[in-house]
$ cat work.txt   # compact mmCIF, C-alpha atoms
# COMPACT_ATOMS: atom_id res chain seq x y z
CA MET A 171 28.83 -25.43 -52.46
CA THR A 172 31.76 -27.44 -53.97
CA ASP A 173 32.53 -31.10 -53.23
CA SER A 174 35.61 -29.93 -51.33
CA ASP A 175 33.49 -27.67 -49.17
CA GLU A 176 31.07 -30.49 -48.42
CA ARG A 177 33.87 -32.85 -47.36
CA THR A 178 35.36 -30.17 -45.10
CA ARG A 179 32.02 -29.65 -43.34
CA ASP A 180 31.58 -33.41 -42.83
CA ASP A 181 35.07 -33.72 -41.35
CA ALA A 182 34.47 -30.85 -38.96
CA ALA A 183 31.25 -32.48 -37.78
CA GLY A 184 32.98 -35.76 -36.92
CA GLY A 185 32.69 -37.65 -40.17
CA ASP A 186 34.04 -41.23 -40.36
CA ASN A 187 37.70 -40.68 -39.53
CA ALA A 188 39.50 -43.04 -37.19
CA GLU A 189 40.34 -40.34 -34.65
CA ASP A 190 36.65 -39.69 -34.03
CA GLY A 191 36.08 -43.38 -33.63
CA ASN A 192 38.85 -43.65 -31.03
CA ASP A 193 37.28 -40.81 -29.00
CA ALA A 194 33.95 -42.55 -29.00
CA GLY A 195 35.51 -45.72 -27.70
CA ASP A 196 37.64 -44.29 -24.88
CA GLY A 197 35.13 -45.27 -22.18
CA HIS A 198 33.37 -41.87 -21.95
CA ASP A 199 29.62 -42.10 -22.49
CA ALA A 200 28.37 -38.88 -24.08
CA GLY A 201 24.95 -39.60 -22.64
CA ASP A 202 26.09 -39.61 -19.02
CA ASP A 203 25.34 -35.90 -18.52
CA HIS A 204 21.92 -35.82 -20.06
CA GLY A 205 20.53 -39.24 -20.84
CA ASP A 206 21.20 -41.92 -18.27
CA HIS A 207 20.57 -39.96 -15.04
CA ASP A 208 19.73 -36.48 -13.80
CA PRO A 209 22.38 -34.34 -12.10
CA HIS A 210 22.22 -33.97 -8.33
CA ARG A 211 19.99 -30.96 -7.52
CA GLU A 212 19.27 -29.73 -4.02
CA GLU A 213 17.56 -26.45 -4.91
CA PHE A 214 15.49 -27.64 -7.84
CA GLY A 215 12.14 -29.31 -7.24
CA GLU A 216 9.89 -30.43 -10.04
CA ASP A 217 7.02 -27.95 -10.13
CA PRO A 218 6.21 -27.02 -13.73
CA VAL A 219 4.94 -23.52 -14.46
CA GLY A 220 1.33 -23.59 -15.59
CA HIS A 221 -0.55 -21.15 -17.75
CA THR A 222 -3.05 -18.73 -16.29
CA ARG A 223 -6.47 -18.46 -17.85
CA ALA A 224 -8.44 -15.26 -18.30
CA THR A 225 -12.00 -15.95 -19.35
CA ALA A 226 -15.29 -14.13 -19.47
CA GLY A 227 -17.22 -14.30 -16.24
CA MET A 228 -14.37 -15.34 -13.96
CA THR A 229 -14.09 -13.59 -10.60
CA VAL A 230 -11.11 -11.62 -9.33
CA SER A 231 -10.40 -14.40 -6.83
CA GLU A 232 -10.38 -16.97 -9.62
CA LEU A 233 -7.93 -14.84 -11.58
CA VAL A 234 -5.61 -14.42 -8.60
CA ASP A 235 -5.88 -18.15 -7.86
CA GLY A 236 -4.84 -18.81 -11.45
CA TYR A 237 -1.80 -16.61 -10.98
CA GLY A 238 -0.49 -19.37 -8.71
CA ASP A 239 0.21 -21.47 -11.82
CA ALA A 240 2.35 -18.71 -13.30
CA GLY A 241 5.69 -17.16 -12.39
CA ILE A 242 7.37 -13.79 -11.80
CA GLY A 243 4.96 -11.06 -10.59
CA ALA A 244 1.83 -13.16 -11.01
CA ALA A 245 3.12 -15.70 -8.49
CA SER A 246 3.76 -12.91 -5.98
CA VAL A 247 0.21 -11.57 -6.40
CA ASN A 248 -1.17 -15.05 -5.78
CA GLU A 249 0.92 -15.46 -2.64
CA ALA A 250 -0.11 -12.03 -1.37
CA GLY A 251 -3.76 -12.90 -1.95
CA ASP A 252 -3.32 -16.06 0.12
CA VAL A 253 -1.64 -14.23 3.00
CA LEU A 254 -4.18 -11.40 3.01
CA ALA A 255 -7.12 -13.81 2.97
CA GLU A 256 -5.68 -15.79 5.88
CA MET A 257 -5.08 -12.55 7.78
CA PHE A 258 -8.64 -11.32 7.19
CA GLU A 259 -10.11 -14.71 8.08
CA ASN A 260 -8.28 -14.93 11.41
CA ASP A 261 -10.71 -13.52 13.99
CA ASP A 262 -7.90 -13.32 16.54
CA CYS A 263 -5.71 -11.18 14.27
CA THR A 264 -5.38 -7.44 14.88
CA VAL A 265 -4.94 -5.87 11.45
CA PHE A 266 -2.95 -2.67 10.89
CA LEU A 267 -3.39 -0.90 7.54
CA SER A 268 -0.60 1.44 6.45
CA LEU A 269 -1.66 3.80 3.68
CA ALA A 270 0.84 6.09 1.96
CA GLY A 271 0.81 7.84 -1.39
CA ALA A 272 -2.03 9.65 -3.14
CA MET A 273 -4.52 6.85 -2.61
CA VAL A 274 -7.54 9.03 -1.84
CA PRO A 275 -7.07 11.43 -4.79
CA ALA A 276 -6.54 8.41 -7.04
CA GLY A 277 -9.95 6.94 -6.17
CA MET A 278 -9.09 4.31 -3.54
CA ARG A 279 -11.10 6.03 -0.77
CA ARG A 280 -14.10 3.71 -0.85
CA ILE A 281 -11.98 0.55 -0.75
CA VAL A 282 -10.35 1.71 2.49
CA SER A 283 -13.56 2.91 4.13
CA ASP A 284 -15.32 -0.36 3.22
CA LEU A 285 -12.50 -2.38 4.79
CA ILE A 286 -12.93 -0.38 7.98
CA ARG A 287 -16.74 -0.57 8.04
CA ASP A 288 -16.74 -4.29 7.32
CA GLY A 289 -14.41 -5.05 10.21
CA TYR A 290 -11.22 -5.94 8.38
CA VAL A 291 -9.06 -3.14 9.83
CA ASP A 292 -8.34 -2.48 13.50
CA ALA A 293 -6.00 0.50 13.07
CA LEU A 294 -5.11 2.80 10.19
CA VAL A 295 -1.75 4.54 9.83
CA THR A 296 -1.78 7.09 7.05
CA THR A 297 -0.62 10.50 5.86
CA GLY A 298 -2.09 13.89 6.59
CA ALA A 299 -2.45 14.32 2.83
CA ASN A 300 -4.79 11.33 2.51
CA LEU A 301 -6.86 12.65 5.43
CA THR A 302 -6.96 16.11 3.86
CA HIS A 303 -8.24 14.82 0.54
CA ASP A 304 -10.65 12.47 2.30
CA ALA A 305 -12.19 15.39 4.19
CA ILE A 306 -12.41 17.51 1.03
CA GLU A 307 -14.59 14.85 -0.59
CA ALA A 308 -16.60 14.32 2.61
CA ILE A 309 -17.70 17.96 2.64
CA GLY A 310 -18.55 18.11 -1.07
CA GLY A 311 -15.33 18.65 -3.00
CA LYS A 312 -14.23 16.41 -5.85
CA HIS A 313 -11.02 15.37 -7.52
CA HIS A 314 -11.13 15.36 -11.32
CA HIS A 315 -9.54 13.50 -14.19
CA GLY A 316 -6.69 15.49 -15.67
CA ARG A 317 -3.59 14.90 -17.74
CA THR A 318 0.10 14.89 -17.02
CA HIS A 319 0.92 17.27 -19.87
CA ASP A 320 -0.48 19.24 -22.77
CA PRO A 321 1.08 17.99 -26.04
CA GLU A 322 1.06 21.53 -27.40
CA LYS A 323 3.00 22.95 -24.43
CA SER A 324 6.18 22.17 -22.57
CA LEU A 325 5.80 20.39 -19.24
CA ARG A 326 6.61 23.61 -17.45
CA GLU A 327 4.13 25.66 -19.47
CA HIS A 328 1.41 23.09 -18.75
CA ASP A 329 1.81 23.37 -14.98
CA GLU A 330 2.29 27.14 -15.09
CA GLY A 331 -1.08 27.29 -16.83
CA LEU A 332 -2.70 25.15 -14.14
CA ARG A 333 -1.27 27.45 -11.48
CA ASP A 334 -2.73 30.48 -13.21
CA GLU A 335 -6.11 28.72 -13.31
CA GLY A 336 -5.97 27.77 -9.62
CA VAL A 337 -5.77 24.03 -10.19
CA ASP A 338 -3.43 21.67 -8.33
CA ARG A 339 -2.14 18.58 -10.17
CA ILE A 340 -1.52 15.17 -8.61
CA TYR A 341 -0.06 13.28 -11.59
CA ASN A 342 -3.18 12.89 -13.78
CA VAL A 343 -5.67 14.12 -11.18
CA TYR A 344 -6.75 17.76 -10.82
CA LEU A 345 -8.05 19.49 -7.71
CA PRO A 346 -9.40 23.09 -7.75
CA GLN A 347 -7.63 25.14 -5.08
CA GLU A 348 -10.87 26.55 -3.67
CA HIS A 349 -11.46 23.15 -2.05
CA PHE A 350 -8.54 23.83 0.28
CA ALA A 351 -10.20 27.06 1.43
CA GLU A 352 -13.38 25.11 2.12
CA PHE A 353 -11.32 22.53 4.01
CA GLU A 354 -9.75 25.27 6.14
CA GLY A 355 -13.21 26.58 7.02
CA HIS A 356 -14.32 23.05 7.88
CA LEU A 357 -11.41 22.62 10.30
CA ARG A 358 -11.85 26.01 11.95
CA GLU A 359 -15.61 25.72 12.34
CA GLU A 360 -16.23 22.00 12.87
CA VAL A 361 -13.02 20.37 14.13
CA PHE A 362 -10.52 22.55 15.99
CA PRO A 363 -12.94 24.31 18.39
CA ALA A 364 -14.07 20.96 19.78
CA LEU A 365 -10.46 20.13 20.65
CA GLU A 366 -9.39 23.51 21.99
CA ALA A 367 -8.49 23.71 25.70
CA ASP A 368 -10.10 20.40 26.55
CA PRO A 369 -7.89 18.93 29.30
CA ASP A 370 -7.61 15.16 29.46
CA ALA A 371 -7.60 13.02 32.60
CA GLU A 372 -4.01 13.96 33.33
CA GLY A 373 -4.77 17.66 33.19
CA THR A 374 -2.92 18.48 29.99
CA ASP A 375 -4.60 20.33 27.16
CA ALA A 376 -2.33 18.86 24.48
CA VAL A 377 -4.28 16.90 21.88
CA SER A 378 -3.07 13.59 20.49
CA ILE A 379 -3.04 13.21 16.73
CA ALA A 380 -5.42 10.26 17.09
CA ASP A 381 -7.83 12.59 18.92
CA LEU A 382 -7.54 15.05 16.03
CA THR A 383 -8.26 12.39 13.40
CA ARG A 384 -11.18 11.07 15.47
CA GLU A 385 -12.68 14.54 15.68
CA LEU A 386 -12.07 15.02 11.97
CA GLY A 387 -13.98 11.81 11.25
CA ARG A 388 -16.89 12.94 13.43
CA ALA A 389 -17.08 16.31 11.69
CA ASN A 390 -16.78 14.75 8.22
CA ALA A 391 -19.68 12.41 8.97
CA GLU A 392 -21.90 15.14 10.38
CA VAL A 393 -21.32 17.65 7.58
CA ASN A 394 -21.65 14.96 4.94
CA GLU A 395 -25.07 13.97 6.27
CA ARG A 396 -26.20 17.52 7.06
CA ASP A 397 -25.34 18.85 3.62
CA ASP A 398 -26.55 15.71 1.84
CA VAL A 399 -23.23 15.31 0.01
CA THR A 400 -23.46 12.87 -2.90
CA GLU A 401 -20.09 11.26 -2.16
CA GLY A 402 -19.83 9.10 0.97
CA PRO A 403 -18.36 10.44 4.23
CA GLY A 404 -15.15 8.51 3.66
CA VAL A 405 -12.25 7.01 5.55
CA ALA A 406 -12.02 9.15 8.69
CA ALA A 407 -15.79 9.03 9.16
CA ALA A 408 -15.81 5.24 8.85
CA ALA A 409 -13.02 4.99 11.40
CA TYR A 410 -14.86 7.29 13.79
CA GLU A 411 -18.13 5.39 13.49
CA CYS A 412 -16.42 2.00 13.90
CA ASP A 413 -14.10 3.10 16.70
CA VAL A 414 -10.98 2.38 14.63
CA PRO A 415 -8.06 4.65 15.53
CA ILE A 416 -6.25 6.62 12.84
CA TYR A 417 -2.60 7.41 13.47
CA CYS A 418 -0.90 10.08 11.42
CA PRO A 419 2.74 10.29 12.59
CA ALA A 420 3.76 12.94 10.06
CA VAL A 421 0.64 15.09 10.19
CA GLN A 422 2.83 18.23 9.99
CA ASP A 423 3.71 17.22 6.44
CA SER A 424 0.26 18.06 5.05
CA VAL A 425 -2.32 20.79 4.68
CA LEU A 426 -4.08 19.30 7.71
CA GLY A 427 -0.95 19.77 9.80
CA LEU A 428 -0.30 23.20 8.34
CA GLN A 429 -3.80 24.35 9.26
CA ALA A 430 -3.44 22.91 12.77
CA TRP A 431 -0.24 24.93 13.23
CA MET A 432 -1.86 28.11 11.92
CA TYR A 433 -4.85 27.67 14.24
CA ALA A 434 -2.52 27.12 17.20
CA GLN A 435 -0.95 30.55 16.66
CA THR A 436 -4.04 32.29 17.98
CA ALA A 437 -5.82 29.59 20.01
CA ASP A 438 -5.24 27.44 23.07
CA PHE A 439 -4.50 24.40 20.97
CA THR A 440 -1.48 22.15 20.55
CA LEU A 441 -0.77 18.65 19.27
CA ASP A 442 1.22 16.02 21.14
CA ALA A 443 3.23 14.08 18.55
CA LEU A 444 4.23 11.31 20.98
CA ALA A 445 0.89 10.57 22.63
CA ASP A 446 -0.23 8.11 19.96
CA MET A 447 2.72 5.81 20.47
CA THR A 448 1.41 4.49 23.79
CA GLU A 449 -2.01 3.72 22.34
CA LEU A 450 -0.57 2.08 19.23
CA THR A 451 1.91 0.02 21.23
CA ASP A 452 -0.82 -1.13 23.61
CA LEU A 453 -2.90 -2.28 20.65
CA ALA A 454 0.00 -4.33 19.32
CA PHE A 455 0.94 -5.60 22.78
CA ASP A 456 -2.57 -6.93 23.45
CA ALA A 457 -3.00 -8.62 20.06
CA ASP A 458 -3.28 -12.42 19.98
CA ASP A 459 -2.06 -12.39 16.39
CA ALA A 460 -1.01 -9.35 14.39
CA GLY A 461 -1.02 -8.59 10.69
CA CYS A 462 -0.26 -5.61 8.51
CA LEU A 463 -1.17 -4.52 5.00
CA LEU A 464 1.41 -1.98 3.87
CA VAL A 465 0.31 0.16 0.92
CA GLY A 466 3.31 2.18 -0.18
CA GLY A 467 6.18 3.10 2.10
CA GLY A 468 7.36 6.20 3.89
CA VAL A 469 6.49 7.18 7.44
CA PRO A 470 3.23 5.15 7.66
CA LYS A 471 5.06 1.93 6.78
CA ASN A 472 7.83 2.43 9.31
CA PHE A 473 5.48 3.65 12.05
CA THR A 474 3.39 0.51 11.55
CA LEU A 475 6.37 -1.85 11.61
CA GLN A 476 8.46 -0.23 14.33
CA THR A 477 5.78 -0.58 17.01
CA MET A 478 6.72 -4.27 17.24
CA LEU A 479 10.20 -3.32 18.44
CA VAL A 480 8.85 -2.44 21.89
CA THR A 481 6.51 -5.40 22.29
CA PRO A 482 7.32 -9.03 23.08
CA ARG A 483 5.85 -10.08 19.74
CA ALA A 484 6.06 -9.35 16.00
CA TYR A 485 3.76 -9.50 12.99
CA ASP A 486 2.40 -12.93 12.09
CA TYR A 487 1.20 -11.75 8.68
CA ALA A 488 2.45 -9.01 6.37
CA VAL A 489 1.59 -7.99 2.81
CA GLN A 490 3.41 -5.15 1.11
CA ILE A 491 2.57 -3.27 -2.10
CA THR A 492 5.42 -1.09 -3.31
CA MET A 493 7.15 0.26 -6.40
CA ASP A 494 10.40 1.11 -4.63
CA PRO A 495 13.55 -1.00 -5.12
CA GLU A 496 15.33 -2.44 -2.11
CA ALA A 497 18.80 -1.60 -3.46
CA THR A 498 18.47 2.06 -2.43
CA GLY A 499 18.55 1.03 1.22
CA GLY A 500 15.46 3.12 1.90
CA LEU A 501 12.61 1.97 4.11
CA SER A 502 10.01 2.31 1.35
CA GLY A 503 11.65 -0.41 -0.73
CA ALA A 504 12.91 -2.54 2.13
CA THR A 505 11.75 -6.13 1.87
CA LEU A 506 9.68 -7.82 4.52
CA GLU A 507 12.52 -10.32 4.89
CA GLU A 508 14.70 -7.41 5.95
CA ALA A 509 12.01 -6.41 8.45
CA ARG A 510 12.24 -9.93 9.88
CA SER A 511 15.90 -9.34 10.69
CA TRP A 512 14.84 -6.40 12.88
CA GLY A 513 12.30 -8.45 14.76
CA LYS A 514 9.33 -6.70 13.15
CA LEU A 515 8.06 -9.99 11.70
CA GLU A 516 7.99 -13.33 13.45
CA LYS A 517 10.51 -15.82 12.07
CA ASP A 518 7.65 -18.00 10.84
CA ALA A 519 5.43 -15.13 9.71
CA ARG A 520 3.57 -15.44 6.41
CA ASN A 521 4.53 -12.52 4.23
CA ALA A 522 4.45 -11.49 0.59
CA SER A 523 5.49 -8.44 -1.42
CA VAL A 524 3.90 -7.21 -4.61
CA TYR A 525 5.77 -4.76 -6.82
CA GLY A 526 3.46 -2.54 -8.79
CA ASP A 527 1.09 0.42 -8.80
CA ALA A 528 -0.97 0.31 -5.60
CA THR A 529 -4.00 1.75 -7.40
CA VAL A 530 -3.99 -1.43 -9.50
CA MET A 531 -2.81 -3.97 -6.95
CA LEU A 532 -4.78 -2.94 -3.85
CA PRO A 533 -8.27 -3.39 -5.36
CA MET A 534 -7.24 -6.72 -6.89
CA LEU A 535 -5.83 -8.14 -3.66
CA VAL A 536 -8.67 -6.85 -1.48
CA ALA A 537 -11.34 -8.19 -3.85
CA ALA A 538 -9.65 -11.59 -4.06
CA ALA A 539 -9.16 -11.87 -0.30
CA ARG A 540 -12.68 -10.73 0.53
CA GLU A 541 -14.20 -13.16 -1.95
CA ARG A 542 -12.38 -16.04 -0.30
CA VAL A 543 -13.35 -14.98 3.20
CA GLU A 544 -16.96 -14.01 2.51
$ encode --input "work.txt" --output "structure tokens"
Amino acid sequence: MTDSDERTRDDAAGGDNAEDGNDAGDGHDAGDDHGDHDPHREEFGEDPVGHTRATAGMTVSELVDGYGDAGIGAASVNEAGDVLAEMFENDDCTVFLSLAGAMVPAGMRRIVSDLIRDGYVDALVTTGANLTHDAIEAIGGKHHHGRTHDPEKSLREHDEGLRDEGVDRIYNVYLPQEHFAEFEGHLREEVFPALEADPDAEGTDAVSIADLTRELGRANAEVNERDDVTEGPGVAAAAYECDVPIYCPAVQDSVLGLQAWMYAQTADFTLDALADMTELTDLAFDADDAGCLLVGGGVPKNFTLQTMLVTPRAYDYAVQITMDPEATGGLSGATLEEARSWGKLEKDARNASVYGDATVMLPMLVAAARERVE
């Protein structure tokens, strides 16, 4: 660098010229913005972000507690753990569990059945698909680890090959198709006949979906014990044995619903899609406090939330696990704050949303909450 270059850089930086000196003496203190006092801040509150620890031997609850020091998604998980623990610990709280997605095929079956058996759930709202896969395991079938693609084939060729082999794919889980035939036999031999032409107190022979799921749970438990099935009897059986109702508002959208329709073609058997709404509404109406754990979205989420629209109350607690964005305007991604605007949550309700894979987040939140409560 030349001497001329050096002088030019000094001048540009302020140097010693008189003009710079005049600016410095014009009454403006350069430190006013940053040194002498802080700017007025209404939103900001001093609460420094801490740093989560992950050490050998720490419990899930300790990890989730530590997330409270962090930000972004970790902070949301911590808040959700707090809300869920408070909801579980409140003996006066009626808890509704909404379960969508492929949670049973993915290996979440035992978590749900344990929650029911241990008294943390008062009503389950789920899909016919989850009930179908739950029953398949109850009577001896198994889901298997698979893969989403074969690197030596195109995606289409991979799934065409599975079809030829009689294997259904649920992302990276495989299920042999013969299990559906066994499930059909289970329904026709153990479940549907017990519901056929059995008039209720009002003289109608229509069966509520809750009656169907209750009978399914009974049959799952009996066959599971009779055949000494290695896997546990599952979700519907736990609900049956603990007198926890299962509502399945879109049962038609499943193999369970399809088989019920097929059976009804040749038998005195029909389902009443509206009958459950009275029972569910009564449960919400009679609750001292109400809370919901929403796993995924879809029909189960909305069915769980909308029941508060016809009661004088709303949910006091709500925890949501979802991967759907709110910007689509769809119910699955709708925030719990949006639900508050509808009157589905109390204005002062405690609520938290966690964005992530439910097969990762549900076990973490349940383990953390149960550790705090127990």
$ residues_near_point --input "work.txt" --point "(-15.9, 26.2, 5.2)" --cutoff "12 Å" --atoms "all atoms listed in the file" --output "ChimeraX atom specification"
/A:305-306,309-311,348-361,389-390,393
$ closest_residue --input "work.txt" --among "A:Asp239, A:Asp458, A:Asp438, A:Asp398" --to "Arg223 of chain A" --atoms "all atoms listed in the file"
A:Asp239
$ atom_distance --input "work.txt" --atom1 "atom CA of Asp459 of chain A" --atom2 "atom CA of Leu267 of chain A"
14.6 Å
$ closest_residue --input "work.txt" --among "A:Leu332, A:Val274, A:Val291, A:Cys418" --to "His319 of chain A" --atoms "only C-alpha atoms"
A:Leu332
$ closest_residue --input "work.txt" --among "A:Thr505, A:Thr302, A:Ser283, A:Thr383" --to "Pro403 of chain A" --atoms "only C-alpha atoms"
A:Ser283
$ axis_aligned_box --input "work.txt" --around "segment 253-261 of chain A" --padding-each-side "6 Å" --output "JSON"
{"center_x": -6.2, "center_y": -13.6, "center_z": 8.5, "size_x": 21.1, "size_y": 16.5, "size_z": 23.0}
